[in-house]
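For reference, upload01.txt (compact mmCIF, N, CA and C atoms):
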```txt
# COMPACT_ATOMS: atom_id res chain seq x y z
N MET I 21 -0.36 14.92 10.03
CA MET I 21 -0.96 14.87 8.72
C MET I 21 -2.38 14.32 8.85
N ILE I 22 -3.30 14.96 8.19
CA ILE I 22 -4.68 14.49 8.15
C ILE I 22 -4.86 13.64 6.91
N MET I 23 -5.35 12.41 7.12
CA MET I 23 -5.55 11.50 6.00
C MET I 23 -7.04 11.42 5.65
N ASP I 24 -7.32 11.47 4.36
CA ASP I 24 -8.68 11.31 3.86
C ASP I 24 -9.00 9.82 3.84
N ALA I 25 -10.10 9.41 4.46
CA ALA I 25 -10.48 7.99 4.52
C ALA I 25 -10.63 7.39 3.12
N LYS I 26 -11.00 8.20 2.15
CA LYS I 26 -11.15 7.70 0.77
C LYS I 26 -9.80 7.35 0.14
N LEU I 27 -8.71 7.83 0.73
CA LEU I 27 -7.37 7.60 0.19
C LEU I 27 -6.55 6.63 1.04
N LEU I 28 -7.17 6.01 2.05
CA LEU I 28 -6.47 5.14 2.99
C LEU I 28 -6.53 3.68 2.55
N PHE I 29 -5.37 3.09 2.28
CA PHE I 29 -5.30 1.66 1.96
C PHE I 29 -5.38 0.82 3.25
N SER I 30 -4.57 1.17 4.22
CA SER I 30 -4.45 0.39 5.46
C SER I 30 -4.09 1.31 6.61
N GLU I 31 -4.54 0.94 7.80
CA GLU I 31 -4.14 1.66 9.00
C GLU I 31 -3.66 0.66 10.04
N ALA I 32 -2.36 0.70 10.32
CA ALA I 32 -1.73 -0.23 11.26
C ALA I 32 -2.10 -1.68 10.94
N GLN I 33 -1.98 -2.04 9.68
CA GLN I 33 -2.35 -3.40 9.23
C GLN I 33 -1.25 -4.41 9.58
N VAL I 34 -1.68 -5.52 10.19
CA VAL I 34 -0.81 -6.65 10.47
C VAL I 34 -0.92 -7.62 9.29
N LEU I 35 0.19 -8.16 8.86
CA LEU I 35 0.20 -9.07 7.71
C LEU I 35 0.02 -10.50 8.20
N THR I 36 -1.24 -10.91 8.33
CA THR I 36 -1.55 -12.21 8.93
C THR I 36 -1.64 -13.35 7.94
N ASN I 37 -1.45 -13.08 6.65
CA ASN I 37 -1.33 -14.18 5.69
C ASN I 37 -0.28 -13.82 4.66
N THR I 38 0.12 -14.79 3.86
CA THR I 38 1.28 -14.62 2.99
C THR I 38 1.02 -13.77 1.76
N ASP I 39 -0.22 -13.55 1.41
CA ASP I 39 -0.59 -12.70 0.27
C ASP I 39 -1.71 -11.78 0.73
N ALA I 40 -1.33 -10.78 1.52
CA ALA I 40 -2.32 -9.91 2.16
C ALA I 40 -2.61 -8.69 1.29
N THR I 41 -3.88 -8.47 1.03
CA THR I 41 -4.31 -7.26 0.34
C THR I 41 -4.59 -6.19 1.39
N SER I 42 -4.37 -4.95 1.04
CA SER I 42 -4.64 -3.85 1.96
C SER I 42 -6.07 -3.93 2.48
N THR I 43 -6.28 -3.39 3.66
CA THR I 43 -7.59 -3.41 4.29
C THR I 43 -8.65 -2.81 3.37
N ASN I 44 -8.29 -1.74 2.69
CA ASN I 44 -9.24 -1.05 1.80
C ASN I 44 -8.80 -1.14 0.35
N VAL I 45 -9.77 -1.33 -0.52
CA VAL I 45 -9.56 -1.23 -1.97
C VAL I 45 -10.16 0.11 -2.36
N LEU I 46 -9.34 0.99 -2.96
CA LEU I 46 -9.81 2.33 -3.29
C LEU I 46 -10.49 2.35 -4.65
N ASN I 47 -11.66 2.95 -4.69
CA ASN I 47 -12.41 3.13 -5.92
C ASN I 47 -12.14 4.56 -6.39
N LEU I 48 -11.35 4.70 -7.42
CA LEU I 48 -10.97 6.03 -7.88
C LEU I 48 -12.15 6.85 -8.39
N ALA I 49 -13.23 6.19 -8.75
CA ALA I 49 -14.43 6.91 -9.19
C ALA I 49 -15.06 7.69 -8.03
N ASN I 50 -14.76 7.30 -6.79
CA ASN I 50 -15.30 7.97 -5.60
C ASN I 50 -14.43 9.11 -5.10
N ILE I 51 -13.33 9.36 -5.77
CA ILE I 51 -12.40 10.39 -5.33
C ILE I 51 -12.53 11.59 -6.26
N ALA I 52 -13.58 12.36 -6.04
CA ALA I 52 -13.91 13.46 -6.93
C ALA I 52 -12.91 14.62 -6.83
N GLU I 53 -12.24 14.75 -5.70
CA GLU I 53 -11.34 15.89 -5.49
C GLU I 53 -10.08 15.79 -6.33
N VAL I 54 -9.74 14.60 -6.80
CA VAL I 54 -8.51 14.41 -7.55
C VAL I 54 -8.81 14.62 -9.03
N GLY I 55 -8.23 15.66 -9.58
CA GLY I 55 -8.45 15.96 -10.99
C GLY I 55 -7.54 15.15 -11.89
N GLU I 56 -7.94 15.01 -13.14
CA GLU I 56 -7.13 14.29 -14.11
C GLU I 56 -5.81 15.04 -14.28
N GLY I 57 -4.72 14.30 -14.32
CA GLY I 57 -3.40 14.90 -14.45
C GLY I 57 -2.74 15.23 -13.12
N THR I 58 -3.45 15.04 -12.01
CA THR I 58 -2.89 15.29 -10.68
C THR I 58 -1.99 14.12 -10.30
N GLN I 59 -0.76 14.40 -9.89
CA GLN I 59 0.16 13.34 -9.48
C GLN I 59 -0.20 12.81 -8.10
N LEU I 60 -0.41 11.50 -8.03
CA LEU I 60 -0.69 10.83 -6.76
C LEU I 60 0.56 10.08 -6.31
N PHE I 61 0.72 9.93 -5.00
CA PHE I 61 1.82 9.18 -4.42
C PHE I 61 1.28 8.13 -3.45
N VAL I 62 1.89 6.96 -3.46
CA VAL I 62 1.60 5.94 -2.45
C VAL I 62 2.59 6.16 -1.32
N ASN I 63 2.07 6.29 -0.11
CA ASN I 63 2.90 6.46 1.08
C ASN I 63 2.79 5.21 1.93
N LEU I 64 3.92 4.62 2.28
CA LEU I 64 3.96 3.43 3.12
C LEU I 64 4.71 3.77 4.39
N ILE I 65 4.01 3.64 5.52
CA ILE I 65 4.54 4.03 6.82
C ILE I 65 4.65 2.78 7.71
N LEU I 66 5.79 2.61 8.35
CA LEU I 66 5.96 1.52 9.32
C LEU I 66 5.53 2.04 10.69
N ASP I 67 4.45 1.46 11.23
CA ASP I 67 3.91 1.88 12.52
C ASP I 67 4.54 1.12 13.68
N THR I 68 4.80 -0.18 13.46
CA THR I 68 5.37 -1.04 14.50
C THR I 68 6.47 -1.87 13.85
N ALA I 69 7.65 -1.87 14.45
CA ALA I 69 8.79 -2.60 13.89
C ALA I 69 8.57 -4.10 13.97
N PHE I 70 9.27 -4.82 13.12
CA PHE I 70 9.21 -6.28 13.10
C PHE I 70 10.23 -6.84 14.08
N SER I 71 9.85 -7.89 14.81
CA SER I 71 10.79 -8.50 15.76
C SER I 71 11.53 -9.67 15.13
N SER I 72 10.97 -10.26 14.09
CA SER I 72 11.62 -11.40 13.43
C SER I 72 12.53 -10.90 12.32
N ALA I 73 13.76 -11.38 12.32
CA ALA I 73 14.72 -10.96 11.30
C ALA I 73 14.79 -11.93 10.14
N ALA I 74 14.06 -13.02 10.20
CA ALA I 74 14.20 -14.08 9.20
C ALA I 74 13.24 -13.94 8.02
N ASP I 75 12.36 -12.96 8.05
CA ASP I 75 11.34 -12.83 7.02
C ASP I 75 11.69 -11.75 6.01
N VAL I 76 11.08 -11.85 4.83
CA VAL I 76 11.24 -10.86 3.77
C VAL I 76 9.85 -10.40 3.36
N ILE I 77 9.68 -9.10 3.17
CA ILE I 77 8.39 -8.53 2.80
C ILE I 77 8.56 -7.70 1.53
N SER I 78 7.55 -7.77 0.67
CA SER I 78 7.48 -6.84 -0.46
C SER I 78 6.07 -6.29 -0.53
N CYS I 79 5.93 -5.15 -1.19
CA CYS I 79 4.62 -4.51 -1.32
C CYS I 79 4.48 -3.98 -2.73
N ASN I 80 3.36 -4.29 -3.36
CA ASN I 80 3.08 -3.83 -4.71
C ASN I 80 1.76 -3.08 -4.77
N LEU I 81 1.70 -2.10 -5.65
CA LEU I 81 0.44 -1.44 -5.96
C LEU I 81 -0.25 -2.28 -7.02
N VAL I 82 -1.50 -2.66 -6.77
CA VAL I 82 -2.25 -3.48 -7.72
C VAL I 82 -3.48 -2.69 -8.17
N THR I 83 -3.93 -2.98 -9.38
CA THR I 83 -5.05 -2.25 -9.95
C THR I 83 -5.91 -3.19 -10.77
N SER I 84 -7.20 -2.88 -10.85
CA SER I 84 -8.13 -3.75 -11.56
C SER I 84 -9.36 -2.96 -11.98
N THR I 85 -10.08 -3.50 -12.96
CA THR I 85 -11.35 -2.90 -13.36
C THR I 85 -12.47 -3.29 -12.40
N GLY I 86 -12.22 -4.31 -11.56
CA GLY I 86 -13.20 -4.76 -10.57
C GLY I 86 -12.63 -4.64 -9.17
N GLU I 87 -13.51 -4.69 -8.20
CA GLU I 87 -13.10 -4.50 -6.80
C GLU I 87 -12.26 -5.65 -6.25
N ALA I 88 -12.31 -6.82 -6.88
CA ALA I 88 -11.57 -7.99 -6.41
C ALA I 88 -10.16 -7.99 -6.99
N VAL I 89 -9.29 -7.15 -6.45
CA VAL I 89 -7.92 -7.09 -6.93
C VAL I 89 -7.10 -8.20 -6.27
N THR I 90 -6.08 -8.68 -6.98
CA THR I 90 -5.20 -9.72 -6.45
C THR I 90 -3.75 -9.33 -6.71
N SER I 91 -2.83 -10.09 -6.15
CA SER I 91 -1.41 -9.80 -6.32
C SER I 91 -0.98 -9.92 -7.78
N THR I 92 -1.74 -10.64 -8.60
CA THR I 92 -1.38 -10.77 -10.02
C THR I 92 -1.72 -9.52 -10.82
N ASP I 93 -2.46 -8.57 -10.22
CA ASP I 93 -2.83 -7.32 -10.89
C ASP I 93 -1.79 -6.22 -10.64
N LYS I 94 -0.54 -6.60 -10.53
CA LYS I 94 0.55 -5.69 -10.16
C LYS I 94 0.72 -4.56 -11.18
N LEU I 95 0.81 -3.35 -10.65
CA LEU I 95 1.08 -2.17 -11.46
C LEU I 95 2.49 -1.63 -11.18
N LEU I 96 2.89 -1.67 -9.92
CA LEU I 96 4.11 -0.99 -9.50
C LEU I 96 4.63 -1.56 -8.19
N THR I 97 5.93 -1.68 -8.05
CA THR I 97 6.55 -2.10 -6.79
C THR I 97 6.67 -0.88 -5.88
N ILE I 98 6.13 -1.01 -4.69
CA ILE I 98 6.24 0.05 -3.68
C ILE I 98 7.42 -0.22 -2.76
N LEU I 99 7.54 -1.46 -2.32
CA LEU I 99 8.65 -1.89 -1.47
C LEU I 99 9.21 -3.17 -2.06
N PRO I 100 10.43 -3.13 -2.63
CA PRO I 100 11.00 -4.38 -3.14
C PRO I 100 11.27 -5.34 -1.99
N ALA I 101 11.51 -6.60 -2.30
CA ALA I 101 11.77 -7.60 -1.26
C ALA I 101 12.80 -7.06 -0.27
N THR I 102 12.36 -6.94 0.98
CA THR I 102 13.16 -6.32 2.04
C THR I 102 13.13 -7.20 3.28
N ALA I 103 14.28 -7.45 3.86
CA ALA I 103 14.35 -8.22 5.10
C ALA I 103 13.68 -7.44 6.22
N THR I 104 12.92 -8.14 7.05
CA THR I 104 12.25 -7.46 8.16
C THR I 104 13.27 -6.86 9.14
N SER I 105 14.47 -7.41 9.15
CA SER I 105 15.51 -6.85 10.02
C SER I 105 15.87 -5.42 9.59
N ALA I 106 15.61 -5.07 8.33
CA ALA I 106 15.86 -3.72 7.84
C ALA I 106 14.69 -2.79 8.12
N LEU I 107 13.58 -3.33 8.61
CA LEU I 107 12.38 -2.53 8.90
C LEU I 107 12.25 -2.34 10.41
N GLN I 108 13.16 -1.57 10.96
CA GLN I 108 13.17 -1.32 12.40
C GLN I 108 12.90 0.15 12.74
N THR I 109 13.15 1.04 11.78
CA THR I 109 12.94 2.47 12.02
C THR I 109 11.51 2.84 11.65
N LEU I 110 10.78 3.34 12.62
CA LEU I 110 9.38 3.71 12.39
C LEU I 110 9.31 4.96 11.51
N GLY I 111 8.25 5.05 10.75
CA GLY I 111 8.06 6.22 9.89
C GLY I 111 7.97 5.81 8.43
N GLU I 112 8.20 6.78 7.56
CA GLU I 112 8.04 6.56 6.12
C GLU I 112 9.05 5.55 5.58
N VAL I 113 8.53 4.50 4.95
CA VAL I 113 9.36 3.47 4.33
C VAL I 113 9.48 3.75 2.83
N ALA I 114 8.40 4.24 2.24
CA ALA I 114 8.40 4.52 0.81
C ALA I 114 7.38 5.59 0.48
N LYS I 115 7.71 6.39 -0.53
CA LYS I 115 6.78 7.35 -1.12
C LYS I 115 7.04 7.27 -2.62
N VAL I 116 6.10 6.67 -3.34
CA VAL I 116 6.31 6.33 -4.74
C VAL I 116 5.20 6.96 -5.59
N PRO I 117 5.57 7.64 -6.69
CA PRO I 117 4.53 8.21 -7.55
C PRO I 117 3.75 7.13 -8.28
N VAL I 118 2.45 7.32 -8.38
CA VAL I 118 1.59 6.40 -9.13
C VAL I 118 1.74 6.74 -10.61
N PRO I 119 2.00 5.75 -11.45
CA PRO I 119 2.16 6.04 -12.87
C PRO I 119 0.88 6.60 -13.49
N SER I 120 1.05 7.40 -14.53
CA SER I 120 -0.12 8.00 -15.18
C SER I 120 -0.82 7.03 -16.12
N LYS I 121 -0.15 5.94 -16.49
CA LYS I 121 -0.75 4.96 -17.40
C LYS I 121 -0.88 3.61 -16.71
N GLY I 122 -1.91 2.88 -17.09
CA GLY I 122 -2.11 1.54 -16.56
C GLY I 122 -2.98 1.45 -15.33
N VAL I 123 -3.42 2.60 -14.81
CA VAL I 123 -4.24 2.61 -13.60
C VAL I 123 -5.70 2.37 -13.99
N GLU I 124 -6.29 1.36 -13.35
CA GLU I 124 -7.70 1.05 -13.57
C GLU I 124 -8.53 1.74 -12.48
N GLN I 125 -9.80 1.43 -12.38
CA GLN I 125 -10.70 2.10 -11.44
C GLN I 125 -10.38 1.78 -9.98
N TYR I 126 -9.91 0.57 -9.70
CA TYR I 126 -9.66 0.14 -8.32
C TYR I 126 -8.17 0.00 -8.06
N LEU I 127 -7.73 0.47 -6.89
CA LEU I 127 -6.35 0.35 -6.45
C LEU I 127 -6.30 -0.28 -5.07
N ALA I 128 -5.29 -1.09 -4.84
CA ALA I 128 -5.04 -1.67 -3.52
C ALA I 128 -3.55 -1.94 -3.41
N LEU I 129 -3.13 -2.36 -2.23
CA LEU I 129 -1.75 -2.81 -2.05
C LEU I 129 -1.76 -4.30 -1.80
N SER I 130 -0.74 -4.95 -2.28
CA SER I 130 -0.56 -6.39 -2.04
C SER I 130 0.76 -6.58 -1.31
N PHE I 131 0.68 -7.13 -0.10
CA PHE I 131 1.87 -7.41 0.71
C PHE I 131 2.19 -8.90 0.56
N LEU I 132 3.41 -9.21 0.18
CA LEU I 132 3.83 -10.60 0.01
C LEU I 132 4.89 -10.94 1.05
N VAL I 133 4.62 -11.97 1.82
CA VAL I 133 5.55 -12.45 2.84
C VAL I 133 5.59 -13.98 2.77
N PRO I 134 6.75 -14.61 3.02
CA PRO I 134 6.81 -16.08 2.94
C PRO I 134 6.00 -16.78 4.02
N VAL I 135 5.90 -16.15 5.18
CA VAL I 135 5.09 -16.69 6.28
C VAL I 135 4.36 -15.52 6.91
N ALA I 136 3.22 -15.81 7.52
CA ALA I 136 2.48 -14.74 8.20
C ALA I 136 3.32 -14.17 9.33
N VAL I 137 3.28 -12.86 9.48
CA VAL I 137 3.99 -12.19 10.57
C VAL I 137 2.96 -11.54 11.47
N GLU I 138 3.27 -11.49 12.73
CA GLU I 138 2.28 -11.02 13.69
C GLU I 138 2.65 -9.70 14.36
N ASP I 139 3.85 -9.16 14.08
CA ASP I 139 4.25 -8.02 14.88
C ASP I 139 4.35 -6.71 14.12
N GLY I 140 4.90 -6.66 12.93
CA GLY I 140 5.04 -5.40 12.21
C GLY I 140 3.71 -4.91 11.69
N LYS I 141 3.55 -3.58 11.64
CA LYS I 141 2.29 -3.00 11.16
C LYS I 141 2.60 -1.85 10.21
N PHE I 142 1.79 -1.78 9.13
CA PHE I 142 1.92 -0.71 8.14
C PHE I 142 0.66 0.11 8.02
N THR I 143 0.84 1.40 7.77
CA THR I 143 -0.24 2.28 7.33
C THR I 143 0.14 2.73 5.93
N ALA I 144 -0.84 2.77 5.03
CA ALA I 144 -0.56 3.17 3.64
C ALA I 144 -1.72 3.99 3.11
N PHE I 145 -1.38 5.00 2.31
CA PHE I 145 -2.41 5.91 1.80
C PHE I 145 -1.88 6.64 0.57
N LEU I 146 -2.80 7.27 -0.15
CA LEU I 146 -2.46 8.11 -1.28
C LEU I 146 -2.41 9.56 -0.83
N THR I 147 -1.49 10.32 -1.43
CA THR I 147 -1.46 11.76 -1.20
C THR I 147 -1.24 12.46 -2.54
N LEU I 148 -1.45 13.76 -2.55
CA LEU I 148 -1.24 14.55 -3.74
C LEU I 148 0.15 15.17 -3.76
N GLU I 149 0.90 15.01 -2.68
CA GLU I 149 2.25 15.57 -2.63
C GLU I 149 3.19 14.65 -1.93
```

Would you put the structure from the file into structure tokens?
Amino acid sequence: MIMDAKLLFSEAQVLTNTDATSTNVLNLANIAEVGEGTQLFVNLILDTAFSSAADVISCNLVTSTGEAVTSTDKLLTILPATATSALQTLGEVAKVPVPSKGVEQYLALSFLVPVAVEDGKFTAFLTLE
């Protein structure tokens, strides 16, 4: 699959703090190819499995009118609280449609973990299908 850099939240991102925002914050005003009414999906891919079984991870889609998005700007749950022991199979973890209402100009992902983890890695992006 070819990914458009304008639609890429993270590429093999390691969650090095407990409230990690995706590497990229997407500015929807810069995505001219996406027409109004087009269904977008958030894709979350596990690139590297987690070795620690004691941690829990969740991922939310966050949105804001400004580029400084935070975990409190939650729009949608992408990955509910999940034990890292359940994140061992590489590949697609979630594919969730972006709601048509409530989306502001900027989108990002917020990863919440109780402690920083050093081994698991995620790639996340938007697609039209």

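In terms of minimum interatomic distance to Pro117 (chain I), I:Leu60 ranks closest within I:Glu31, I:Thr43, I:Leu60, I:Thr38, counting all atoms listed in the file.
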
6 Å contact set for Leu132 (chain I), all atoms listed in the file, chain neighbours under 2 positions out, as a list in words: Thr38, Asp39, Ala40, Val76, Ile77, Ser78, Cys79, Ser130 and Pro134 of chain I

Write out, as a short mmCIF file (atom, residue, chain, number, x, y, z; two decimals), in the frame of the given file, the residues just selected, with N, CA and C atoms.
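Generated file (selection.cif):
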```cif
data_model
loop_
_atom_site.label_atom_id
_atom_site.label_comp_id
_atom_site.auth_asym_id
_atom_site.auth_seq_id
_atom_site.Cartn_x
_atom_site.Cartn_y
_atom_site.Cartn_z
N THR I 38 0.12 -14.79 3.86
CA THR I 38 1.28 -14.62 2.99
C THR I 38 1.02 -13.77 1.76
N ASP I 39 -0.22 -13.55 1.41
CA ASP I 39 -0.59 -12.70 0.27
C ASP I 39 -1.71 -11.78 0.73
N ALA I 40 -1.33 -10.78 1.52
CA ALA I 40 -2.32 -9.91 2.16
C ALA I 40 -2.61 -8.69 1.29
N VAL I 76 11.08 -11.85 4.83
CA VAL I 76 11.24 -10.86 3.77
C VAL I 76 9.85 -10.40 3.36
N ILE I 77 9.68 -9.10 3.17
CA ILE I 77 8.39 -8.53 2.80
C ILE I 77 8.56 -7.70 1.53
N SER I 78 7.55 -7.77 0.67
CA SER I 78 7.48 -6.84 -0.46
C SER I 78 6.07 -6.29 -0.53
N CYS I 79 5.93 -5.15 -1.19
CA CYS I 79 4.62 -4.51 -1.32
C CYS I 79 4.48 -3.98 -2.73
N SER I 130 -0.74 -4.95 -2.28
CA SER I 130 -0.56 -6.39 -2.04
C SER I 130 0.76 -6.58 -1.31
N PRO I 134 6.75 -14.61 3.02
CA PRO I 134 6.81 -16.08 2.94
C PRO I 134 6.00 -16.78 4.02
#
```

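Across the model, the gap from atom N of Ser72 (chain I) to atom N of Thr102 (chain I) is 13.6 Å.
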
All residues 8 Å or closer to Ala32 (chain I), only C-alpha atoms, same chain fewer than 3 positions away omitted, as a PyMOL selection string: chain I and resi 67-68+141-143

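Between atom C of Lys115 (chain I) and atom N of Leu64 (chain I) lies a distance of 6.4 Å.
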
Best match for closeness to Val123 (chain I) among I:Val89, I:Leu95, I:Leu46, I:Ala25, counting all atoms listed in the file: I:Leu95

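Residues in contact range of region 48-51 of chain I, defined as at most 8 Å between all atoms listed in the file, with sequence neighbours fewer than 4 positions away removed, read Lys26, Leu27, Gly55, Glu124, Gln125, Tyr126 and Leu127 of chain I.
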
For atom C of Gln59 (chain I) and atom C of Lys121 (chain I), the interatomic separation in Å (one decimal): 12.6 Å

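Nearest residue to Leu110 (chain I) among I:Ala69, I:Thr58, I:Val82, I:Val34 is I:Ala69, counting all atoms listed in the file.
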
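Closest approach to Ala114 (chain I) among I:Asn63, I:Asn47, I:Thr41, I:Ser30 is made by I:Asn63 (distances from all atoms listed in the file).
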
Backbone DSSP call of strand (DSSP E or B) for chain I, listed as JSON, numbers by chain: {"I": [28, 29, 30, 31, 32, 33, 34, 39, 40, 41, 46, 47, 61, 62, 63, 64, 65, 66, 67, 68, 76, 77, 78, 79, 80, 81, 82, 83, 84, 94, 95, 96, 97, 98, 99, 100, 101, 102, 103, 111, 112, 113, 114, 115, 116, 117, 126, 127, 128, 129, 130, 131, 132, 141, 142, 143, 144, 145, 146, 147]}

Would you mind listing what lies within 12 Å of Gly122 (chain I) as an mmCIF file with N, CA and C atoms, in the coordinates of the input, with only C-alpha atoms counted and same-chain residues fewer than 6 positions away left out?
```cif
data_model
loop_
_atom_site.group_PDB
_atom_site.id
_atom_site.type_symbol
_atom_site.label_atom_id
_atom_site.label_comp_id
_atom_site.auth_asym_id
_atom_site.auth_seq_id
_atom_site.Cartn_x
_atom_site.Cartn_y
_atom_site.Cartn_z
ATOM 1 N N LEU I 81 1.700 -2.100 -5.650
ATOM 2 C CA LEU I 81 0.440 -1.440 -5.960
ATOM 3 C C LEU I 81 -0.250 -2.280 -7.020
ATOM 4 N N VAL I 82 -1.500 -2.660 -6.770
ATOM 5 C CA VAL I 82 -2.250 -3.480 -7.720
ATOM 6 C C VAL I 82 -3.480 -2.690 -8.170
ATOM 7 N N THR I 83 -3.930 -2.980 -9.380
ATOM 8 C CA THR I 83 -5.050 -2.250 -9.950
ATOM 9 C C THR I 83 -5.910 -3.190 -10.770
ATOM 10 N N SER I 84 -7.200 -2.880 -10.850
ATOM 11 C CA SER I 84 -8.130 -3.750 -11.560
ATOM 12 C C SER I 84 -9.360 -2.960 -11.980
ATOM 13 N N THR I 85 -10.080 -3.500 -12.960
ATOM 14 C CA THR I 85 -11.350 -2.900 -13.360
ATOM 15 C C THR I 85 -12.470 -3.290 -12.400
ATOM 16 N N ASP I 93 -2.460 -8.570 -10.220
ATOM 17 C CA ASP I 93 -2.830 -7.320 -10.890
ATOM 18 C C ASP I 93 -1.790 -6.220 -10.640
ATOM 19 N N LYS I 94 -0.540 -6.600 -10.530
ATOM 20 C CA LYS I 94 0.550 -5.690 -10.160
ATOM 21 C C LYS I 94 0.720 -4.560 -11.180
ATOM 22 N N LEU I 95 0.810 -3.350 -10.650
ATOM 23 C CA LEU I 95 1.080 -2.170 -11.460
ATOM 24 C C LEU I 95 2.490 -1.630 -11.180
ATOM 25 N N LEU I 96 2.890 -1.670 -9.920
ATOM 26 C CA LEU I 96 4.110 -0.990 -9.500
ATOM 27 C C LEU I 96 4.630 -1.560 -8.190
#
```

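Closest to Val137 (chain I) among I:Ser42, I:Ser71, I:Thr109, I:Ser120 is I:Ser71, based on only C-alpha atoms.
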